[in-house]
Structure formats: structure tokens, C-alpha cells
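Student: Take this structure first; my questions come after.
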Amino acid sequence: MTGTPHFDDAHAAGEARRAWREALGVALATSAYGVSFGALGVASGLDIWQTSVLSLLMFTGGSQFAFAGVIGAGGLAAAPAAIASASLLGVRNIAYGMRMSPVIGAGFWRRAAAAQFTIDESTAVSLAQTSARARTIGFWVTGIGIYVGWNLSTLAGALLGDVLGDPRQYGLDAAAAAAFLALLWPRLRRRQPIAVGIAAAAVATVLTPVMMPGMPVLLAAVVAIVVGWSNWLGRDEVPPRPAWDEPDDVAEREGLP
């Protein structure tokens, strides 16, 4: 039984506000870490404008760090390896695009614009929401917010790299990870999501020191898909009752006509 129109409107408004809060929080945390990329890019031998253009056009943090890291280690001669590493990490965005297609909706220009903002954070915030409108808000606010903030902080890091020193000492990388954990935590209430998270984290942790950048992430994603698809630990779990199916008056809660 659905609730009254007033209740439904208030509930939808509350979900929209929550989507805005989560999106802006993740955007601020992730954008701040762009300072690290700006400093790393300049330290790796790129000039300020090359570093900034990477953020403007590539705009996927993991791929950018992989590219700059390989260039820093091997110089321009390592450019093919840098491109390969960045491309490998960027493969995951294809899966994100497929998952986000129903959220983004139809229309060539809408999809073309969304392609630039389909990243880890925008996908995570969107899928953490419970209604179509909130998912749309989560995607666009997170994606656009991070794009603007990341490019500004990249420029700041490139300009002030020598002054800032090692940006890792400020813990900005931990801020981005903490934002992801905040989105993930409410979902870790049943055994199956916990198993998926542990399995993927274990694989990524073990393989990161011994494999080229990008491969541990992709293999961890494969493990997560296998564990999640098989539903080994979730067969006996009863899914929670949807919010819109909850009783909305005393008579229904007490089983009265």
C-alpha cells in the first residue's frame, strides 16, 4: 500500500537532499586529492599545461596517476607503456557506462556529456541512492562537482608542487578512500555484500605489489562479480522490505481492515 501524496513528495524531497549531500561530500573529498596529481605530474617531467590537459581530457584519477608514474620512471621513452597502463585502468569505465545507461537516459548529447563524468565516484554515489531522481542527482552532481574541483586542484598542485612538498603527507588519498567507505558501509549489513568486499579487497591487496598498474583492479572486479553472481552466502537471506511497501497507518500495521 502506498502512502499519501504529501508523504510521497516529502520522501522524494528527502532522498534528493541526501543525494545532494553525499554527492557534494564525495566531490569535495576527491577533488582535494587532485593536488597530488598536479604535483606528481610536474615532478614526473610534464609541464603545468600538459598536467592540466590530462585532467581536462583524461579525467580518471587512477589512469592519470598510472600515466604520470610510468612517465616519471621511464621518461618519454616509456610513453607507450604509460598509455597502456592508463588504458587498462580506464577499461572499468566501460562497465560503469553500461550500468549507468538506464540512469542517464536517452539522447545523444546527454549520453555524450555523461561519458566524461562516468567515473568511480559518480557511479558509486548514484547507485547508493534508492530512487530514480536521486540516482540522477547523485550522478550529475558528483561527476560535475569532481570535474570542476579536480581540475582546479590539479592546476593548484602543478603551480605549487615544490611549495607543497609530498602531498601524501596531508592524507588527501585517505580522504577519498574514506568517502567511498562511507558510501559502502550502509550496504554491509548482510553476509553476501561483506563477502564480495572482502574477496575483492584481498585480491587487490595481494596482487598490487607484483602486477602492473590496472591489473589488480580488474582482477578484483572479476572476483567480486563471481562471488556476487554466485550468491554463495546470500541464498537464505530475506531481502529487506522496500520503503514504499511499508505500512503507512496504524490500522495496516496492526492487520486491521
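Labeling convention for the C-alpha cells: chains A, B, ... as they appear, residues from 1 per chain, ligands from 1 in order of appearance.
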What are the nearest atom pairs, with distances in Å to one decimal, for all residues of segment 86-138 of chain A that come at most 12 Å from segment 29-53 of chain A, using only C-alpha atoms, set out by chain and rising residue number as a tab-separated table?

Tutor:
```
residue	atom	partner	partner_atom	distance
A:Ile119	CA	A:Thr30	CA	11.5
A:Asp120	CA	A:Thr30	CA	10.5
A:Glu121	CA	A:Thr30	CA	8.3
A:Ser122	CA	A:Thr30	CA	10.8
```

Student: For those residues, write C-alpha atoms to a file as a compact mmCIF listing (two decimals), in the first residue's frame.

Tutor:
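Produced file out-v8.txt, reproduced below:
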```
# COMPACT_ATOMS: atom_id res chain seq x y z
CA ILE A 119 33.87 7.67 -13.08
CA ASP A 120 34.19 5.62 -9.91
CA GLU A 121 32.71 8.27 -7.65
CA SER A 122 29.74 9.34 -9.76
```

Student: Leaving out Tyr147 of chain A and any residue of its chain fewer than 6 positions from it, which residues lie within 9 Å of it when counting only C-alpha atoms, given as a list of chain:residue names?

Tutor: A:Ala27, A:Ser31, A:Ser55, A:Leu56, A:Phe59, A:Gln116, A:Phe117

Student: Next, the residues of the selection above should be written as a PDB file, in the first residue's frame with C-alpha atoms.

Tutor:
```pdb
ATOM      1  CA  ALA A  27      33.174  15.698  -4.692  1.00  0.00           C
ATOM      2  CA  SER A  31      38.721  16.985  -5.665  1.00  0.00           C
ATOM      3  CA  SER A  55      42.949  16.267 -16.070  1.00  0.00           C
ATOM      4  CA  LEU A  56      40.709  18.108 -18.513  1.00  0.00           C
ATOM      5  CA  PHE A  59      39.719  12.812 -16.133  1.00  0.00           C
ATOM      6  CA  GLN A 116      33.034  12.453 -19.425  1.00  0.00           C
ATOM      7  CA  PHE A 117      31.577  12.221 -15.913  1.00  0.00           C
TER       8      PHE A 117
END
```

Student: Taking only C-alpha atoms into account, name the residue in A:Ala68, A:Met98, A:Leu159, A:Ile144 that is nearest to Ala86 of chain A.

Tutor: A:Ala68

Student: So, counting only C-alpha atoms, which residue among A:Ala95, A:Met58, A:Gln129, A:Ala220 is closest to Val196 of chain A?

Tutor: A:Ala220

Student: Using only C-alpha atoms, which residue out of A:Leu54, A:Leu207, A:Ala224, A:Val70 lies closest to Ala195 of chain A?

Tutor: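 Looking only at the distances to Ala195 of chain A, the closest residue turns out to be A:Ala224.
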
Student: Nearest to Arg99 of chain A among A:Thr118, A:Val206, A:Ala199, A:Thr130, with distances taken over only C-alpha atoms: which residue is it?

Tutor: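 For Arg99 of chain A, the nearest of the given residues is A:Thr118.
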
Student: So what do you get for atom CA of Tyr96 of chain A versus atom CA of Ala84 of chain A, distance-wise?

Tutor: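 Pair atom CA of Tyr96 of chain A / atom CA of Ala84 of chain A returns 19.7 Å.
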
Student: Tell me which of A:Ser87, A:Asn151, A:Ser63, A:Ser101 sits closest to Ser126 of chain A, counting only C-alpha atoms.

Tutor: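 Answer, going by the shortest atom-to-atom distance: A:Ser101.
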
Student: Work out how far apart atom CA of Leu219 of chain A and atom CA of Gly197 of chain A are and give it in Å to one decimal.

Tutor: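 Computed distance, atom CA of Leu219 of chain A to atom CA of Gly197 of chain A, equals 13.2 Å.
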
Student: Between atom CA of Gly25 of chain A and atom CA of Ile194 of chain A, measure the distance and give it in Å to one decimal.

Tutor: 24.0 Å
